[in-house]
file target19.cif (mmCIF, C-alpha atoms)
data_run
#
loop_
_atom_site.label_atom_id
_atom_site.label_comp_id
_atom_site.auth_asym_id
_atom_site.auth_seq_id
_atom_site.Cartn_x
_atom_site.Cartn_y
_atom_site.Cartn_z
CA TYR A 1 -22.09 44.64 28.32
CA TYR A 2 -20.90 45.51 31.78
CA THR A 3 -22.03 48.24 34.17
CA GLN A 4 -19.67 47.69 37.05
CA PRO A 5 -16.16 46.42 37.72
CA GLY A 6 -15.63 42.76 38.55
CA VAL A 7 -14.45 39.39 37.32
CA TYR A 8 -16.82 37.44 35.11
CA ILE A 9 -16.22 33.82 34.17
CA TYR A 10 -17.80 32.10 31.18
CA GLU A 11 -17.65 28.56 29.89
CA MET A 12 -17.80 27.88 26.16
CA TYR A 13 -18.63 24.53 24.58
CA GLU A 14 -20.41 23.12 21.56
CA ILE A 15 -23.91 21.79 21.98
CA VAL A 16 -24.49 18.37 20.47
CA PRO A 17 -28.01 18.41 19.00
CA ALA A 18 -30.63 15.85 19.92
CA ASN A 19 -30.48 14.67 16.32
CA PRO A 20 -26.79 14.83 15.43
CA LEU A 21 -25.74 15.27 11.83
CA PRO A 22 -25.00 11.89 10.20
CA SER A 23 -21.38 10.76 10.60
CA VAL A 24 -20.31 14.04 12.26
CA ARG A 25 -18.02 13.76 15.28
CA TYR A 26 -18.62 16.72 17.56
CA ASP A 27 -15.92 18.57 19.46
CA THR A 28 -16.27 18.03 23.22
CA SER A 29 -13.72 20.69 24.19
CA LYS A 30 -14.58 23.19 26.91
CA TYR A 31 -12.97 26.64 27.13
CA THR A 32 -13.09 29.19 29.92
CA ALA A 33 -13.15 32.95 29.30
CA THR A 34 -12.30 35.09 32.30
CA VAL A 35 -13.30 38.71 31.78
CA THR A 36 -11.92 41.34 34.12
CA VAL A 37 -13.73 44.70 34.22
CA THR A 38 -11.89 47.64 35.79
CA GLU A 39 -12.82 51.27 36.22
CA GLY A 40 -10.52 53.73 34.50
CA GLU A 41 -10.29 57.47 34.38
CA ALA A 42 -13.51 59.45 34.26
CA GLY A 43 -15.47 56.36 35.23
CA VAL A 44 -14.79 54.55 31.98
CA LEU A 45 -14.95 50.76 32.32
CA ASN A 46 -12.18 48.72 30.71
CA THR A 47 -12.25 45.01 29.96
CA SER A 48 -9.61 42.35 29.45
CA VAL A 49 -10.15 38.65 28.76
CA VAL A 50 -8.04 35.57 29.42
CA TYR A 51 -8.83 32.24 27.77
CA SER A 52 -7.97 28.87 29.26
CA LYS A 53 -8.52 25.18 28.70
CA ASP A 54 -8.09 22.52 31.36
CA GLY A 55 -6.61 25.15 33.65
CA GLN A 56 -3.96 26.25 31.15
CA GLU A 57 -3.99 29.74 29.69
CA ILE A 58 -4.25 29.86 25.91
CA SER A 59 -4.44 32.55 23.26
CA ALA A 60 -7.68 33.63 21.60
CA ASP A 61 -6.77 31.94 18.32
CA GLN A 62 -6.51 28.60 20.15
CA VAL A 63 -10.17 28.64 21.03
CA VAL A 64 -11.28 26.43 18.18
CA PHE A 65 -14.12 23.93 17.89
CA THR A 66 -13.29 21.29 15.29
CA ASN A 67 -15.82 18.81 14.04
CA VAL A 68 -14.94 15.85 11.84
CA TYR A 69 -17.09 14.33 9.15
CA VAL A 70 -16.40 10.57 8.81
CA PRO A 71 -18.61 8.48 6.50
CA LYS A 72 -19.26 5.06 8.02
CA ALA A 73 -17.51 1.91 6.82
CA THR A 74 -19.05 -0.64 4.49
CA ASP A 75 -18.35 -4.13 3.13
CA LEU A 76 -18.68 -5.34 -0.44
CA VAL A 77 -19.12 -9.01 -1.34
CA VAL A 78 -17.64 -9.89 -4.74
CA GLN A 79 -19.30 -12.99 -6.17
CA ALA A 80 -18.19 -15.43 -8.86
CA ASN A 81 -18.67 -19.11 -9.76
CA LYS A 82 -16.37 -22.12 -9.82
CA GLN A 83 -16.70 -24.98 -12.30
CA LEU A 84 -14.61 -28.13 -12.45
CA THR A 85 -14.76 -30.64 -15.30
CA GLY A 86 -13.81 -34.25 -14.65
CA ARG A 87 -15.32 -34.48 -11.15
CA ASP A 88 -17.41 -32.50 -8.67
CA VAL A 89 -16.06 -29.49 -6.81
CA ARG A 90 -15.47 -29.97 -3.08
CA GLU A 91 -16.43 -27.22 -0.65
CA GLY A 92 -13.46 -25.00 0.22
CA GLU A 93 -11.23 -26.77 -2.29
CA PHE A 94 -10.23 -23.75 -4.35
CA SER A 95 -8.82 -20.44 -3.17
CA PHE A 96 -9.26 -16.97 -4.65
CA VAL A 97 -7.80 -13.52 -3.98
CA VAL A 98 -8.57 -9.92 -4.82
CA THR A 99 -5.55 -7.72 -5.47
CA ALA A 100 -5.02 -3.98 -5.80
CA ALA A 101 -1.79 -2.70 -7.32
CA GLY A 102 -0.33 -6.19 -6.92
CA GLU A 103 -1.16 -6.49 -3.21
CA VAL A 104 -3.65 -9.03 -1.86
CA VAL A 105 -6.48 -7.17 -0.10
CA ALA A 106 -9.02 -9.99 0.37
CA SER A 107 -9.33 -13.74 -0.07
CA GLY A 108 -11.93 -16.51 -0.03
CA THR A 109 -12.78 -20.06 -1.03
CA ASN A 110 -15.62 -21.76 -2.91
CA ALA A 111 -18.81 -22.97 -1.29
CA ALA A 112 -20.45 -26.33 -1.97
CA ILE A 113 -21.69 -27.03 -5.46
CA GLY A 114 -25.17 -25.71 -6.20
CA ASP A 115 -28.14 -27.02 -8.16
CA ASN A 116 -26.78 -25.35 -11.28
CA GLY A 117 -23.61 -27.43 -11.13
CA LEU A 118 -21.51 -24.42 -10.12
CA ALA A 119 -19.87 -23.67 -6.79
CA PRO A 120 -20.40 -20.08 -5.57
CA VAL A 121 -17.36 -18.02 -4.62
CA SER A 122 -17.56 -14.99 -2.31
CA VAL A 123 -14.75 -12.61 -1.40
CA THR A 124 -15.48 -9.70 0.97
CA LEU A 125 -13.80 -6.31 0.59
CA HIS A 126 -13.83 -3.96 3.59
CA PHE A 127 -13.88 -0.20 3.16
CA PRO A 128 -13.16 1.51 6.52
CA ASP A 129 -14.54 4.75 7.89
CA ASN A 130 -13.56 7.83 5.90
CA THR A 131 -12.82 5.96 2.67
CA LYS A 132 -12.82 8.58 -0.06
CA PRO A 133 -15.75 8.27 -2.50
CA GLY A 134 -14.69 7.44 -6.04
CA THR A 135 -13.69 4.49 -8.20
CA TYR A 136 -11.19 1.78 -7.30
CA HIS A 137 -9.73 -0.94 -9.49
CA TYR A 138 -9.14 -4.54 -8.46
CA ILE A 139 -8.31 -7.95 -9.92
CA PHE A 140 -10.02 -11.22 -9.00
CA LYS A 141 -8.09 -14.43 -9.63
CA GLU A 142 -7.68 -18.03 -8.57
CA VAL A 143 -4.73 -19.26 -6.52
CA ASN A 144 -2.85 -22.20 -8.02
CA THR A 145 -2.29 -24.46 -5.03
CA GLY A 146 -0.78 -27.26 -7.13
CA THR A 147 -3.33 -30.01 -6.52
CA THR A 148 -2.40 -33.10 -8.55
CA GLY A 149 -4.54 -33.59 -11.64
CA ILE A 150 -6.00 -30.05 -11.62
CA THR A 151 -5.42 -27.62 -14.47
CA TYR A 152 -5.95 -24.16 -12.96
CA ASP A 153 -7.42 -21.06 -14.55
CA ALA A 154 -4.59 -18.53 -14.85
CA ALA A 155 -6.86 -15.72 -16.05
CA GLU A 156 -7.20 -12.44 -14.18
CA TYR A 157 -10.64 -10.85 -13.92
CA PRO A 158 -10.51 -7.05 -13.40
CA PHE A 159 -13.42 -5.21 -11.85
CA THR A 160 -14.18 -1.66 -10.77
CA VAL A 161 -15.65 -0.63 -7.42
CA THR A 162 -17.59 2.61 -6.99
CA ILE A 163 -17.75 4.12 -3.50
CA ALA A 164 -20.47 6.69 -2.78
CA ASP A 165 -21.30 8.67 0.36
CA VAL A 166 -25.02 8.35 1.03
CA ASN A 167 -25.97 10.55 3.98
CA GLY A 168 -22.85 9.63 5.91
CA GLN A 169 -22.93 5.92 5.05
CA LEU A 170 -20.48 4.55 2.50
CA ASN A 171 -22.09 2.52 -0.26
CA ALA A 172 -20.06 0.19 -2.50
CA SER A 173 -20.97 -1.46 -5.80
CA TYR A 174 -18.91 -3.16 -8.51
CA ILE A 175 -18.97 -4.19 -12.15
CA TRP A 176 -16.74 -6.59 -14.07
CA ASP A 177 -14.62 -4.66 -16.53
CA SER A 178 -15.47 -7.20 -19.24
CA GLY A 179 -19.12 -6.16 -19.03
CA ALA A 180 -20.16 -9.68 -18.01
CA GLU A 181 -22.83 -10.10 -15.38
CA THR A 182 -20.78 -12.74 -13.58
CA VAL A 183 -17.49 -14.62 -13.82
CA THR A 184 -17.07 -18.39 -13.90
CA VAL A 185 -13.62 -19.79 -13.21
CA VAL A 186 -13.26 -23.15 -14.97
CA ASN A 187 -10.73 -25.84 -14.06
CA SER A 188 -10.33 -29.37 -15.35
CA TYR A 189 -9.47 -32.53 -13.48
CA VAL A 190 -7.65 -35.42 -15.17
CA PRO A 191 -6.24 -38.07 -12.81
CA LYS A 192 -2.63 -38.85 -13.60
CA GLU A 193 -1.77 -42.35 -14.82
CA THR A 194 -0.03 -44.75 -12.49
CA SER A 195 1.06 -48.37 -12.57
CA PHE A 196 2.14 -51.23 -10.39
CA THR A 197 4.22 -54.35 -11.01
CA PRO A 198 2.84 -57.51 -9.42
CA GLU A 199 5.42 -59.89 -8.02
CA ALA A 200 5.16 -63.69 -7.85
CA TYR A 201 7.46 -66.69 -8.00
CA LYS A 202 7.47 -69.79 -10.25
CA LEU A 203 8.60 -73.12 -8.92
CA LEU A 204 9.17 -76.21 -11.12
CA ASN A 205 9.84 -79.49 -9.42
CA GLY A 206 11.78 -82.25 -11.20
CA ARG A 207 14.05 -80.18 -13.44
CA ASP A 208 15.46 -76.73 -13.99
CA MET A 209 13.40 -74.05 -15.74
CA ALA A 210 14.51 -72.39 -18.94
CA ALA A 211 14.18 -68.63 -19.25
CA GLY A 212 10.89 -67.58 -20.85
CA GLU A 213 9.50 -71.09 -20.61
CA PHE A 214 6.29 -70.15 -18.78
CA THR A 215 3.80 -67.35 -19.58
CA PHE A 216 1.51 -65.54 -17.13
CA SER A 217 -1.27 -62.97 -17.48
CA VAL A 218 -2.80 -60.38 -15.15
CA TYR A 219 -6.56 -60.03 -15.47
CA GLN A 220 -8.84 -57.25 -14.25
CA ARG A 221 -11.85 -58.51 -12.38
CA LEU A 222 -15.07 -56.92 -13.61
CA ASN A 223 -18.57 -57.30 -12.18
CA GLY A 224 -17.40 -59.87 -9.66
CA SER A 225 -15.93 -62.32 -12.22
CA SER A 226 -12.34 -62.95 -13.20
CA GLY A 227 -10.74 -63.08 -16.59
CA ASP A 228 -12.83 -60.31 -18.15
CA SER A 229 -9.96 -58.19 -19.32
CA ILE A 230 -6.31 -58.97 -19.82
CA LYS A 231 -4.26 -56.04 -18.52
CA SER A 232 -0.74 -57.41 -18.93
CA THR A 233 1.29 -60.50 -19.75
CA GLY A 234 4.77 -61.65 -18.87
CA THR A 235 7.09 -64.65 -18.86
CA VAL A 236 9.49 -66.24 -16.49
#

call {"tool": "encode", "arguments": {"input": "target19.cif", "output": "structure tokens"}}
result
Amino acid sequence: YYTQPGVYIYEMYEIVPANPLPSVRYDTSKYTATVTVTEGEAGVLNTSVVYSKDGQEISADQVVFTNVYVPKATDLVVQANKQLTGRDVREGEFSFVVTAAGEVVASGTNAAIGDNGLAPVSVTLHFPDNTKPGTYHYIFKEVNTGTTGITYDAAEYPFTVTIADVNGQLNASYIWDSGAETVTVVNSYVPKETSFTPEAYKLLNGRDMAAGEFTFSVYQRLNGSSGDSIKSTGTV
């Protein structure tokens, strides 16, 4: 209260506690209230107040302190396995994506083959600050890159992510919709057949050759010796 005329200036601001609330962004605004006290009739004191911010006059309803609650971001690593029949898997050989509503949101490749004969696959999903807690649905699948001899797995593996707010920190977990504990993507490798045609020439001195007069064979050399296996025959 006031007992005499004058101009009184006050500064208003929010105090950020020594132990701030988790994930709360505090308002750093500062407002000035200028109170003018004048003496009216019969010695009655009258007051009027003017609010301002950064030197600009504002109305009383513009003096607002707004805090924002923003849960902190988190990452989720989705893990699967890769198996290839016909030969060993090479590190980084196969590509995988995670999609949401048909859009690719994350990708990854396989690691080197493990002791269990499977190659681990990891794809990381990022959930930024202020992601709304709840459930989200995704699909994990392999990318067919068209490598010769590989039959790719065309299956899609849906999974559900649950986002929870734990004291201002987002927490993400997932389950495969099939109920399986893990997913193994299986491909097969079968090398495609190929062939070659050896070329040679036959020379007969003393007379002309007749067509088909001479016969030749091509042998595969096995274990360092020749003539182990006839692969083809032909005439000239």

call {"tool": "atom_distance", "arguments": {"input": "target19.cif", "atom1": "atom CA of Thr160 of chain A", "atom2": "atom CA of Phe96 of chain A"}}
result
17.2 Å

call {"tool": "atom_distance", "arguments": {"input": "target19.cif", "atom1": "atom CA of Tyr2 of chain A", "atom2": "atom CA of Val37 of chain A"}}
result
7.6 Å

call {"tool": "closest_residue", "arguments": {"input": "target19.cif", "among": "A:Asp61, A:Glu156, A:Glu41, A:Asp208", "to": "Gly102 of chain A", "atoms": "only C-alpha atoms"}}
result
A:Glu156

call {"tool": "closest_atom_pairs", "arguments": {"input": "target19.cif", "of": "segment 66-87 of chain A", "to": "segment 162-184 of chain A", "cutoff": "6 Å", "atoms": "all atoms listed in the file", "output": "tab-separated table"}}
result
residue	atom	partner	partner_atom	distance
A:Pro71	CA	A:Gly168	CA	4.4
A:Lys72	CA	A:Gln169	CA	4.8
A:Ala73	CA	A:Leu170	CA	5.9
A:Thr74	CA	A:Leu170	CA	5.7
A:Ala80	CA	A:Val183	CA	5.1
A:Asn81	CA	A:Thr184	CA	4.5
A:Lys82	CA	A:Thr184	CA	5.6

call {"tool": "residues_around", "arguments": {"input": "target19.cif", "residues": "Ala60 of chain A", "least_positions_apart": "3", "cutoff": "10 Å", "atoms": "all atoms listed in the file", "output": "NGL selection string"}}
result
:A and (33 or 49-52 or 57 or 63-64)

call {"tool": "atom_distance", "arguments": {"input": "target19.cif", "atom1": "atom CA of Val77 of chain A", "atom2": "atom CA of Ser107 of chain A"}}
result
10.9 Å

call {"tool": "residues_around", "arguments": {"input": "target19.cif", "residues": "Asn110 of chain A", "least_positions_apart": "5", "cutoff": "12 Å", "atoms": "only C-alpha atoms", "output": "number ranges by chain"}}
result
A: 79-84, 89-97, 118-123, 142-143, 184-185

call {"tool": "resolve_selection", "arguments": {"input": "target19.cif", "expression": "the PyMOL selection byres ((chain A and resi 24) around 12)", "output": "count of residues only"}}
result
22

call {"tool": "closest_residue", "arguments": {"input": "target19.cif", "among": "A:Tyr157, A:Tyr152, A:Phe65, A:Tyr1", "to": "Asn187 of chain A", "atoms": "all atoms listed in the file"}}
result
A:Tyr152

call {"tool": "axis_aligned_box", "arguments": {"input": "target19.cif", "around": "segment 130-146 of chain A", "padding_each_side": "3 Å", "output": "JSON"}}
result
{"center_x": -8.3, "center_y": -9.3, "center_z": -2.0, "size_x": 21.0, "size_y": 41.8, "size_z": 21.8}

call {"tool": "resolve_selection", "arguments": {"input": "target19.cif", "expression": "the PyMOL selection byres ((chain A and resi 99) around 9)", "output": "list in words"}}
result
Val97, Val98, Ala100, Ala101, Gly102, Glu103, Val104, Val105, Ala106, Ser107, His137, Tyr138, Ile139, Phe140 and Lys141 of chain A

call {"tool": "residues_near_point", "arguments": {"input": "target19.cif", "point": "(6.6, -71.4, -9.9)", "cutoff": "12 Å", "atoms": "only C-alpha atoms", "output": "PyMOL selection string"}}
result
chain A and resi 199-205+208-209+213-216+235-236

call {"tool": "closest_residue", "arguments": {"input": "target19.cif", "among": "A:Thr34, A:Ser188, A:Thr148, A:Thr124", "to": "Thr109 of chain A", "atoms": "only C-alpha atoms"}}
result
A:Thr124

call {"tool": "decode", "arguments": {"input": "target19.cif", "residues": "segment 163-191 of chain A", "atoms": "N, CA and C atoms", "output": "PDB file, in the first residue's frame"}}
result
ATOM      1  N   ILE A 163       5.698 -45.272 -26.673  1.00  0.00           N
ATOM      2  CA  ILE A 163       6.454 -44.142 -26.138  1.00  0.00           C
ATOM      3  C   ILE A 163       5.829 -43.724 -24.807  1.00  0.00           C
ATOM      4  N   ALA A 164       6.652 -43.641 -23.775  1.00  0.00           N
ATOM      5  CA  ALA A 164       6.187 -43.221 -22.447  1.00  0.00           C
ATOM      6  C   ALA A 164       7.026 -42.033 -21.977  1.00  0.00           C
ATOM      7  N   ASP A 165       6.400 -41.179 -21.188  1.00  0.00           N
ATOM      8  CA  ASP A 165       7.082 -40.036 -20.572  1.00  0.00           C
ATOM      9  C   ASP A 165       7.412 -40.425 -19.138  1.00  0.00           C
ATOM     10  N   VAL A 166       8.717 -40.583 -18.874  1.00  0.00           N
ATOM     11  CA  VAL A 166       9.156 -40.975 -17.537  1.00  0.00           C
ATOM     12  C   VAL A 166       9.923 -39.806 -16.925  1.00  0.00           C
ATOM     13  N   ASN A 167       9.224 -39.017 -16.133  1.00  0.00           N
ATOM     14  CA  ASN A 167       9.837 -37.865 -15.458  1.00  0.00           C
ATOM     15  C   ASN A 167      10.552 -36.935 -16.429  1.00  0.00           C
ATOM     16  N   GLY A 168       9.894 -36.664 -17.545  1.00  0.00           N
ATOM     17  CA  GLY A 168      10.455 -35.724 -18.510  1.00  0.00           C
ATOM     18  C   GLY A 168      11.384 -36.338 -19.535  1.00  0.00           C
ATOM     19  N   GLN A 169      11.644 -37.631 -19.438  1.00  0.00           N
ATOM     20  CA  GLN A 169      12.495 -38.324 -20.406  1.00  0.00           C
ATOM     21  C   GLN A 169      11.646 -39.328 -21.184  1.00  0.00           C
ATOM     22  N   LEU A 170      11.663 -39.206 -22.508  1.00  0.00           N
ATOM     23  CA  LEU A 170      10.916 -40.163 -23.320  1.00  0.00           C
ATOM     24  C   LEU A 170      11.575 -41.536 -23.237  1.00  0.00           C
ATOM     25  N   ASN A 171      10.749 -42.552 -23.167  1.00  0.00           N
ATOM     26  CA  ASN A 171      11.225 -43.932 -23.117  1.00  0.00           C
ATOM     27  C   ASN A 171      10.496 -44.715 -24.209  1.00  0.00           C
ATOM     28  N   ALA A 172      11.248 -45.449 -25.032  1.00  0.00           N
ATOM     29  CA  ALA A 172      10.658 -46.176 -26.161  1.00  0.00           C
ATOM     30  C   ALA A 172      10.946 -47.663 -26.049  1.00  0.00           C
ATOM     31  N   SER A 173       9.942 -48.468 -26.338  1.00  0.00           N
ATOM     32  CA  SER A 173      10.099 -49.919 -26.388  1.00  0.00           C
ATOM     33  C   SER A 173       9.271 -50.435 -27.563  1.00  0.00           C
ATOM     34  N   TYR A 174       9.550 -51.672 -27.994  1.00  0.00           N
ATOM     35  CA  TYR A 174       8.799 -52.203 -29.141  1.00  0.00           C
ATOM     36  C   TYR A 174       8.568 -53.701 -28.985  1.00  0.00           C
ATOM     37  N   ILE A 175       7.553 -54.170 -29.688  1.00  0.00           N
ATOM     38  CA  ILE A 175       7.274 -55.605 -29.788  1.00  0.00           C
ATOM     39  C   ILE A 175       6.921 -55.907 -31.241  1.00  0.00           C
ATOM     40  N   TRP A 176       7.294 -57.107 -31.692  1.00  0.00           N
ATOM     41  CA  TRP A 176       6.880 -57.557 -33.020  1.00  0.00           C
ATOM     42  C   TRP A 176       5.411 -57.947 -32.965  1.00  0.00           C
ATOM     43  N   ASP A 177       4.663 -57.493 -33.944  1.00  0.00           N
ATOM     44  CA  ASP A 177       3.218 -57.759 -33.932  1.00  0.00           C
ATOM     45  C   ASP A 177       2.907 -59.252 -34.001  1.00  0.00           C
ATOM     46  N   SER A 178       3.834 -60.039 -34.536  1.00  0.00           N
ATOM     47  CA  SER A 178       3.617 -61.484 -34.640  1.00  0.00           C
ATOM     48  C   SER A 178       3.701 -62.169 -33.280  1.00  0.00           C
ATOM     49  N   GLY A 179       4.239 -61.467 -32.287  1.00  0.00           N
ATOM     50  CA  GLY A 179       4.437 -62.069 -30.980  1.00  0.00           C
ATOM     51  C   GLY A 179       5.788 -62.745 -30.835  1.00  0.00           C
ATOM     52  N   ALA A 180       6.565 -62.799 -31.922  1.00  0.00           N
ATOM     53  CA  ALA A 180       7.885 -63.429 -31.876  1.00  0.00           C
ATOM     54  C   ALA A 180       8.848 -62.570 -31.068  1.00  0.00           C
ATOM     55  N   GLU A 181       9.830 -63.238 -30.465  1.00  0.00           N
ATOM     56  CA  GLU A 181      10.831 -62.507 -29.701  1.00  0.00           C
ATOM     57  C   GLU A 181      11.806 -61.776 -30.616  1.00  0.00           C
ATOM     58  N   THR A 182      12.055 -62.351 -31.779  1.00  0.00           N
ATOM     59  CA  THR A 182      12.952 -61.718 -32.745  1.00  0.00           C
ATOM     60  C   THR A 182      12.510 -62.097 -34.149  1.00  0.00           C
ATOM     61  N   VAL A 183      13.130 -61.466 -35.129  1.00  0.00           N
ATOM     62  CA  VAL A 183      12.829 -61.715 -36.537  1.00  0.00           C
ATOM     63  C   VAL A 183      14.121 -62.098 -37.237  1.00  0.00           C
ATOM     64  N   THR A 184      14.063 -63.154 -38.043  1.00  0.00           N
ATOM     65  CA  THR A 184      15.201 -63.560 -38.860  1.00  0.00           C
ATOM     66  C   THR A 184      14.805 -63.495 -40.329  1.00  0.00           C
ATOM     67  N   VAL A 185      15.515 -62.675 -41.073  1.00  0.00           N
ATOM     68  CA  VAL A 185      15.258 -62.518 -42.503  1.00  0.00           C
ATOM     69  C   VAL A 185      16.169 -63.496 -43.242  1.00  0.00           C
ATOM     70  N   VAL A 186      15.567 -64.414 -43.990  1.00  0.00           N
ATOM     71  CA  VAL A 186      16.328 -65.489 -44.629  1.00  0.00           C
ATOM     72  C   VAL A 186      16.355 -65.288 -46.139  1.00  0.00           C
ATOM     73  N   ASN A 187      17.560 -65.290 -46.698  1.00  0.00           N
ATOM     74  CA  ASN A 187      17.759 -65.260 -48.142  1.00  0.00           C
ATOM     75  C   ASN A 187      18.501 -66.516 -48.565  1.00  0.00           C
ATOM     76  N   SER A 188      18.466 -66.805 -49.850  1.00  0.00           N
ATOM     77  CA  SER A 188      19.229 -67.933 -50.379  1.00  0.00           C
ATOM     78  C   SER A 188      20.126 -67.454 -51.505  1.00  0.00           C
ATOM     79  N   TYR A 189      21.266 -68.117 -51.603  1.00  0.00           N
ATOM     80  CA  TYR A 189      22.216 -67.782 -52.671  1.00  0.00           C
ATOM     81  C   TYR A 189      22.448 -69.011 -53.534  1.00  0.00           C
ATOM     82  N   VAL A 190      22.178 -68.877 -54.827  1.00  0.00           N
ATOM     83  CA  VAL A 190      22.451 -69.934 -55.801  1.00  0.00           C
ATOM     84  C   VAL A 190      23.165 -69.285 -56.974  1.00  0.00           C
ATOM     85  N   PRO A 191      24.465 -69.574 -57.167  1.00  0.00           N
ATOM     86  CA  PRO A 191      25.176 -68.945 -58.280  1.00  0.00           C
ATOM     87  C   PRO A 191      24.558 -69.358 -59.609  1.00  0.00           C
TER      88      PRO A 191
END
